[in-house]
Structure formats: C-alpha cells, structure tokens
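Only one structure is covered here, and it is reproduced in the block below.
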Amino acid sequence: MNYPRKVLVREILVSKPFTSLKELEERFPEVSSMTLRRDIEFFERQGDVIKVRGGARSMKFITTSMEESFSTRSGAYTFSKQKIAQAASVFIESGRSLFFDSGSTVMQLIPFIPKTRLSVNTTDPNLALELVKKDNVMVHIVGGLLSRDNLSLSGMQSIDYISKTNIDLAFISPSGFSLKYGFTSGNYTESELKSAIVKKAGCVIMMIHSSKIGKSLPYTFCELGNVQKLVTDQMPDSEILDACRRCGVEVIVAK
C-alpha cells in the first residue's frame, strides 16, 4: 500500500526524540528540502513535533513535564509570593516593553502594577485575562502550544515571536536554581522559550521562591550571569550571595 508522503514523514518524526532534515532528505530524495521543511512546520502546527535547528523534536518524547500543575502551584506559598511580587513590582516602569512569565509567582504582580501606561507580553493566558481588566495595560499574548500541565504557551511559534520583539524588562519565575545548573525548568519547550527571552531582555528580573533554591530540574535555560536582579523571600546562603556578587546580580529579599 502506498501511503501519502506526509503520513510516512509523520511516522519518522514521532518515532524518536530527534529527526534531522538531512535524514528526511535521504529518505525522500525526490522531495525538495523546502517541501520537507513545510512538512515539519505542518506537523508542528498539529502538535506532533517542535521545529528546531537542523530538524525536529518529537513531542511524544518531550511533553512529559516535571512541573507541578498550575492548580498545585497557585495554592502554595501565596503570602511569600505576594511579597516577592511586591518587591519586584518597583521595577515596572511606564514606556518600557515588559515580559511577564507564566506561573503563580509572576501572577502575583498584577495587584501591584502601577497606574501608568504599560505594554506587556506574556505566555500565560490566565495572567493575560487578569491584565486585560486594567485599562492602562496593553496586553500581547505570545502564541504557541498550550501546555495542559501549567497552562503556558511555548514552542517555535513563541520563539519566533520573541525573536521579533524588543524586551526591556523580563519578569521570570524559574522552577529551580542551583549554582551548578543555573536556572532550570521541568519542561523542554518552556526552557527553550525562557532562554530566548533572557537573550532578548535588557534586564532580567528573576522572581524565585526560597523553596526552589537548591533545586534542579532537567533543563537549564540560563546561568546566574545572565540575570540582573534576583528577588526572593528569604536571604540565600553565603555561597549563593558570593556568586551573585561576582556576577553583578542584585539580590532583593522581600520584606
């Protein structure tokens, strides 16, 4: 039976973690590279793969997330997260291009947003719905694949959007931080997106609850030296403080 090319391409793409474009070109010599790239983009839109440099990664192997669900995270350490958000909110300025990360800690920024004209990009649909209630905030949702676990958007569509967006201030909440592995995430696609945001941002403000310090998840999205400010609810230990001083990172402990 002769299956349509796209059916065969999909079988190859989803069968293993990474498939290179070169491998597809060898498998389908009669098809142009441009057509095979379009096939990859088609299956990315279907949610089967993520387009990466040189080929594609199968969602079958990377959708499993080590992140806690949004409902679990949103109910934990609420008071401490509010303090972190209040301390971080002093850096929000009018006339700046802002990025708000997804997650329950950054969500706590909303009550502390000043009554001044702001432009905010976010990957968090829930956060966007709260922001749009404020007349002074222009809200831009970064498109992409919606995670069922933590209700955030990521993927190549998101990275493409960020590559064309200027970001003055990025408010980011990692899932873990250690001196050995840096700032980490439990979801591969989110890690890729956070990394792209850090590279574009003029100033990265890392909002991290003390329970996540000393904790490492599988995917590193940036190092301590990529961050300008670290806002947390408890004073980190001396080793971390020394590392922050060496990297020029300002540590802010929320009161």
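Chain labels run A, B, ... following the order of the structure tokens; each chain numbers its residues from 1, and ligands are numbered from 1 in the order shown.
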
Non-local contacts of Phe112 (chain A) (9 Å; only C-alpha atoms; under 2 positions in same chain excluded) as a list of chain:residue names: A:Ala85, A:Gln86, A:Ser89, A:Val90, A:Gln108, A:Leu109, A:Ile110, A:Pro114

Store the residues picked out above in a file with N, CA and C atoms, as a JSON list (two decimals), in the first residue's frame.
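Done, and the output landed in selection-v4.json:
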```
[["chain", "number", "residue", "atom", "x", "y", "z"],
["A", 85, "ALA", "N", 6.43, 39.46, 44.68],
["A", 85, "ALA", "CA", 5.85, 40.27, 43.60],
["A", 85, "ALA", "C", 5.87, 41.75, 43.94],
["A", 86, "GLN", "N", 5.54, 42.09, 45.17],
["A", 86, "GLN", "CA", 5.53, 43.49, 45.58],
["A", 86, "GLN", "C", 6.94, 44.09, 45.48],
["A", 89, "SER", "N", 7.80, 44.54, 41.79],
["A", 89, "SER", "CA", 6.96, 45.49, 41.05],
["A", 89, "SER", "C", 7.55, 46.90, 41.00],
["A", 90, "VAL", "N", 8.49, 47.21, 41.89],
["A", 90, "VAL", "CA", 9.07, 48.57, 41.88],
["A", 90, "VAL", "C", 9.87, 48.83, 40.60],
["A", 108, "GLN", "N", 1.23, 37.13, 40.78],
["A", 108, "GLN", "CA", 1.02, 38.00, 41.95],
["A", 108, "GLN", "C", 1.46, 39.44, 41.70],
["A", 109, "LEU", "N", 2.10, 39.71, 40.57],
["A", 109, "LEU", "CA", 2.47, 41.09, 40.23],
["A", 109, "LEU", "C", 1.25, 41.97, 39.96],
["A", 110, "ILE", "N", 0.18, 41.37, 39.50],
["A", 110, "ILE", "CA", -0.96, 42.14, 38.98],
["A", 110, "ILE", "C", -1.50, 43.18, 39.96],
["A", 114, "PRO", "N", 1.55, 49.57, 38.67],
["A", 114, "PRO", "CA", 1.22, 51.00, 38.83],
["A", 114, "PRO", "C", 0.21, 51.46, 37.78]]
```

From region 78-248 of chain A, collect each residue whose DSSP state is strand (DSSP E or B) and return the set as an mmCIF file with C-alpha atoms, in the first residue's frame.
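New file selection04.cif:
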```cif
data_model
loop_
_atom_site.group_PDB
_atom_site.id
_atom_site.type_symbol
_atom_site.label_atom_id
_atom_site.label_comp_id
_atom_site.auth_asym_id
_atom_site.auth_seq_id
_atom_site.Cartn_x
_atom_site.Cartn_y
_atom_site.Cartn_z
ATOM 1 C CA SER A 97 8.458 46.842 26.877
ATOM 2 C CA LEU A 98 7.728 44.227 29.536
ATOM 3 C CA PHE A 99 7.565 40.453 29.534
ATOM 4 C CA PHE A 100 5.650 38.552 32.231
ATOM 5 C CA LEU A 118 2.241 49.711 30.049
ATOM 6 C CA SER A 119 2.830 47.230 27.243
ATOM 7 C CA VAL A 120 3.103 43.628 28.450
ATOM 8 C CA ASN A 121 3.910 40.420 26.570
ATOM 9 C CA THR A 122 3.081 37.154 28.305
ATOM 10 C CA VAL A 137 -2.182 47.865 30.207
ATOM 11 C CA MET A 138 -1.816 46.836 26.569
ATOM 12 C CA VAL A 139 -1.654 43.024 26.566
ATOM 13 C CA HIS A 140 0.127 40.887 23.956
ATOM 14 C CA ILE A 141 -0.208 37.101 24.200
ATOM 15 C CA LEU A 145 1.478 25.312 22.029
ATOM 16 C CA LEU A 146 -0.600 25.381 25.228
ATOM 17 C CA LEU A 153 2.402 28.754 25.801
ATOM 18 C CA SER A 154 5.687 27.693 24.214
ATOM 19 C CA ILE A 167 12.024 43.404 25.725
ATOM 20 C CA ASP A 168 13.296 45.959 28.231
ATOM 21 C CA LEU A 169 12.320 44.106 31.409
ATOM 22 C CA ALA A 170 11.592 40.392 31.740
ATOM 23 C CA PHE A 171 9.979 39.104 34.940
ATOM 24 C CA ILE A 172 10.748 35.389 35.017
ATOM 25 C CA GLY A 176 14.630 25.642 40.282
ATOM 26 C CA PHE A 177 18.031 27.221 40.829
ATOM 27 C CA SER A 178 21.431 25.872 41.829
ATOM 28 C CA GLY A 182 21.744 27.604 36.985
ATOM 29 C CA PHE A 183 18.053 28.405 36.496
ATOM 30 C CA THR A 184 16.094 25.364 35.421
ATOM 31 C CA SER A 185 12.719 24.220 34.127
ATOM 32 C CA ALA A 201 15.764 41.155 27.538
ATOM 33 C CA GLY A 202 17.706 44.232 28.556
ATOM 34 C CA CYS A 203 17.122 43.396 32.218
ATOM 35 C CA VAL A 204 16.142 40.001 33.633
ATOM 36 C CA ILE A 205 14.359 40.064 36.995
ATOM 37 C CA MET A 206 14.266 36.541 38.394
ATOM 38 C CA MET A 207 11.410 36.012 40.860
ATOM 39 C CA ILE A 213 16.707 27.485 45.610
ATOM 40 C CA LYS A 215 16.543 22.553 43.497
ATOM 41 C CA TYR A 219 16.564 21.784 31.579
ATOM 42 C CA THR A 220 18.798 24.816 32.188
ATOM 43 C CA PHE A 221 17.563 27.976 30.463
ATOM 44 C CA CYS A 222 20.110 30.486 31.795
ATOM 45 C CA LYS A 229 18.184 41.085 39.693
ATOM 46 C CA LEU A 230 17.132 38.167 41.872
ATOM 47 C CA VAL A 231 14.039 38.691 44.037
ATOM 48 C CA THR A 232 13.253 36.109 46.708
#
```

Cut-off 9 Å: closest region 53-172 of chain A/region 238-252 of chain A atom pairs per residue, using only C-alpha atoms, as a Markdown table:
```
| residue | atom | partner | partner_atom | distance |
| --- | --- | --- | --- | --- |
| A:Ile84 | CA | A:Ile252 | CA | 8.8 |
| A:Ala87 | CA | A:Ile252 | CA | 7.5 |
| A:Ala88 | CA | A:Ile252 | CA | 8.3 |
```

Residues at most 9 Å from Met107 (chain A), counting only C-alpha atoms, excluding those fewer than 5 positions away in the same chain, as an mmCIF file with C-alpha atoms, in the first residue's frame?
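File produced: part.cif:
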```
data_model
loop_
_atom_site.group_PDB
_atom_site.id
_atom_site.type_symbol
_atom_site.label_atom_id
_atom_site.label_comp_id
_atom_site.auth_asym_id
_atom_site.auth_seq_id
_atom_site.Cartn_x
_atom_site.Cartn_y
_atom_site.Cartn_z
ATOM 1 C CA SER A 74 -1.139 28.573 42.573
ATOM 2 C CA ALA A 85 5.851 40.269 43.602
ATOM 3 C CA PHE A 100 5.650 38.552 32.231
ATOM 4 C CA ASP A 101 6.499 34.860 32.524
ATOM 5 C CA SER A 102 3.843 32.257 33.176
ATOM 6 C CA ASP A 124 0.304 32.919 30.380
ATOM 7 C CA ASN A 126 -4.670 33.343 32.764
ATOM 8 C CA LEU A 127 -2.334 36.224 33.504
ATOM 9 C CA GLU A 130 -6.304 39.431 34.512
#
```

Surrounding residues of region 45-55 of chain A excluding itself and chain neighbours under 3 positions, 12 Å, only C-alpha atoms, as a PyMOL selection string: chain A and resi 9-25+33+36-42+58-63+143-147+154-160+188-190+192-193

Residues of region 20-216 of chain A in helix (DSSP H, G or I), written as a ChimeraX atom specification: /A:21-27,33-45,59-62,70-74,78-91,104-107,110-112,125-131,156-163,188-200,210-212

Mind writing the picked residues with C-alpha atoms as a PDB file, in the first residue's frame?
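Okay, this is what ended up in result36.pdb:
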```
ATOM      1  CA  LEU A  21      16.315  17.377   7.979  1.00  0.00           C
ATOM      2  CA  LYS A  22      19.240  15.563   6.353  1.00  0.00           C
ATOM      3  CA  GLU A  23      17.726  12.229   7.388  1.00  0.00           C
ATOM      4  CA  LEU A  24      14.413  13.171   5.757  1.00  0.00           C
ATOM      5  CA  GLU A  25      16.223  14.311   2.603  1.00  0.00           C
ATOM      6  CA  GLU A  26      17.940  10.923   2.371  1.00  0.00           C
ATOM      7  CA  ARG A  27      14.654   9.096   2.989  1.00  0.00           C
ATOM      8  CA  SER A  33      14.294  20.392   1.248  1.00  0.00           C
ATOM      9  CA  MET A  34      11.792  23.250   1.229  1.00  0.00           C
ATOM     10  CA  THR A  35       8.880  20.815   0.981  1.00  0.00           C
ATOM     11  CA  LEU A  36      10.239  18.730   3.843  1.00  0.00           C
ATOM     12  CA  ARG A  37      10.629  21.869   5.952  1.00  0.00           C
ATOM     13  CA  ARG A  38       6.980  22.661   5.226  1.00  0.00           C
ATOM     14  CA  ASP A  39       6.075  19.134   6.344  1.00  0.00           C
ATOM     15  CA  ILE A  40       7.857  19.734   9.651  1.00  0.00           C
ATOM     16  CA  GLU A  41       6.050  23.059  10.068  1.00  0.00           C
ATOM     17  CA  PHE A  42       2.735  21.348   9.289  1.00  0.00           C
ATOM     18  CA  PHE A  43       3.259  18.715  11.986  1.00  0.00           C
ATOM     19  CA  GLU A  44       4.396  21.398  14.418  1.00  0.00           C
ATOM     20  CA  ARG A  45       1.030  23.100  13.931  1.00  0.00           C
ATOM     21  CA  MET A  59       6.515  15.986  21.280  1.00  0.00           C
ATOM     22  CA  LYS A  60       5.973  12.360  22.262  1.00  0.00           C
ATOM     23  CA  PHE A  61       9.340  12.414  23.994  1.00  0.00           C
ATOM     24  CA  ILE A  62       9.307  15.909  25.497  1.00  0.00           C
ATOM     25  CA  PHE A  70      -0.903  25.177  37.779  1.00  0.00           C
ATOM     26  CA  SER A  71      -3.584  24.462  40.377  1.00  0.00           C
ATOM     27  CA  THR A  72      -0.985  22.956  42.732  1.00  0.00           C
ATOM     28  CA  ARG A  73       1.464  25.826  42.338  1.00  0.00           C
ATOM     29  CA  SER A  74      -1.139  28.573  42.573  1.00  0.00           C
ATOM     30  CA  THR A  78       0.761  32.526  48.421  1.00  0.00           C
ATOM     31  CA  PHE A  79       1.787  35.108  51.023  1.00  0.00           C
ATOM     32  CA  SER A  80       5.503  34.730  50.255  1.00  0.00           C
ATOM     33  CA  LYS A  81       4.844  35.020  46.525  1.00  0.00           C
ATOM     34  CA  GLN A  82       2.884  38.211  47.124  1.00  0.00           C
ATOM     35  CA  LYS A  83       5.862  39.663  48.981  1.00  0.00           C
ATOM     36  CA  ILE A  84       8.198  38.687  46.138  1.00  0.00           C
ATOM     37  CA  ALA A  85       5.851  40.269  43.602  1.00  0.00           C
ATOM     38  CA  GLN A  86       5.533  43.487  45.577  1.00  0.00           C
ATOM     39  CA  ALA A  87       9.313  43.791  45.806  1.00  0.00           C
ATOM     40  CA  ALA A  88       9.733  43.102  42.088  1.00  0.00           C
ATOM     41  CA  SER A  89       6.959  45.495  41.054  1.00  0.00           C
ATOM     42  CA  VAL A  90       9.071  48.571  41.884  1.00  0.00           C
ATOM     43  CA  PHE A  91      10.998  47.931  38.663  1.00  0.00           C
ATOM     44  CA  SER A 104       1.798  31.690  40.053  1.00  0.00           C
ATOM     45  CA  THR A 105       4.623  33.929  41.343  1.00  0.00           C
ATOM     46  CA  VAL A 106       4.535  36.339  38.407  1.00  0.00           C
ATOM     47  CA  MET A 107       0.721  36.291  38.557  1.00  0.00           C
ATOM     48  CA  ILE A 110      -0.956  42.143  38.977  1.00  0.00           C
ATOM     49  CA  PRO A 111      -2.248  43.906  42.154  1.00  0.00           C
ATOM     50  CA  PHE A 112       0.994  45.900  42.354  1.00  0.00           C
ATOM     51  CA  PRO A 125      -3.351  33.067  29.189  1.00  0.00           C
ATOM     52  CA  ASN A 126      -4.670  33.343  32.764  1.00  0.00           C
ATOM     53  CA  LEU A 127      -2.334  36.224  33.504  1.00  0.00           C
ATOM     54  CA  ALA A 128      -3.371  37.926  30.260  1.00  0.00           C
ATOM     55  CA  LEU A 129      -7.049  37.679  31.217  1.00  0.00           C
ATOM     56  CA  GLU A 130      -6.304  39.431  34.512  1.00  0.00           C
ATOM     57  CA  LEU A 131      -4.095  42.074  32.904  1.00  0.00           C
ATOM     58  CA  MET A 156       8.783  27.502  17.873  1.00  0.00           C
ATOM     59  CA  GLN A 157       5.893  29.899  17.204  1.00  0.00           C
ATOM     60  CA  SER A 158       6.589  31.509  20.575  1.00  0.00           C
ATOM     61  CA  ILE A 159      10.335  31.682  19.935  1.00  0.00           C
ATOM     62  CA  ASP A 160       9.750  33.257  16.502  1.00  0.00           C
ATOM     63  CA  TYR A 161       7.534  35.895  18.126  1.00  0.00           C
ATOM     64  CA  ILE A 162      10.121  36.683  20.791  1.00  0.00           C
ATOM     65  CA  SER A 163      12.876  36.968  18.175  1.00  0.00           C
ATOM     66  CA  TYR A 188      11.881  21.310  27.486  1.00  0.00           C
ATOM     67  CA  THR A 189       9.816  23.628  25.297  1.00  0.00           C
ATOM     68  CA  GLU A 190       9.364  26.179  28.068  1.00  0.00           C
ATOM     69  CA  SER A 191      13.081  26.075  28.773  1.00  0.00           C
ATOM     70  CA  GLU A 192      13.852  26.868  25.129  1.00  0.00           C
ATOM     71  CA  LEU A 193      11.456  29.813  25.211  1.00  0.00           C
ATOM     72  CA  LYS A 194      12.741  31.193  28.519  1.00  0.00           C
ATOM     73  CA  SER A 195      16.269  31.020  27.135  1.00  0.00           C
ATOM     74  CA  ALA A 196      15.233  33.078  24.094  1.00  0.00           C
ATOM     75  CA  ILE A 197      13.524  35.653  26.339  1.00  0.00           C
ATOM     76  CA  VAL A 198      16.602  36.008  28.567  1.00  0.00           C
ATOM     77  CA  LYS A 199      18.757  36.651  25.499  1.00  0.00           C
ATOM     78  CA  LYS A 200      16.415  39.388  24.230  1.00  0.00           C
ATOM     79  CA  SER A 210      13.166  30.188  48.513  1.00  0.00           C
ATOM     80  CA  SER A 211      11.773  26.638  48.244  1.00  0.00           C
ATOM     81  CA  LYS A 212      13.149  26.462  44.692  1.00  0.00           C
TER      82      LYS A 212
END
```

Interatomic distance (Å, one decimal) between CA of Asp135 (chain A) and CA of Thr116 (chain A): 9.5 Å

Given only C-alpha atoms as the counted atoms, nearest of A:Ser173, A:Lys255, A:Pro29, A:Asn187 to Val227 (chain A): A:Ser173

Nearest to Ser94 (chain A) by atom-to-atom distance, counting only C-alpha atoms, from A:Asn136, A:Ala56, A:Thr165, A:Gly214: A:Asn136

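CA of Leu179 (chain A) to CA of Pro218 (chain A) spans 14.2 Å [interatomic distance, one decimal].
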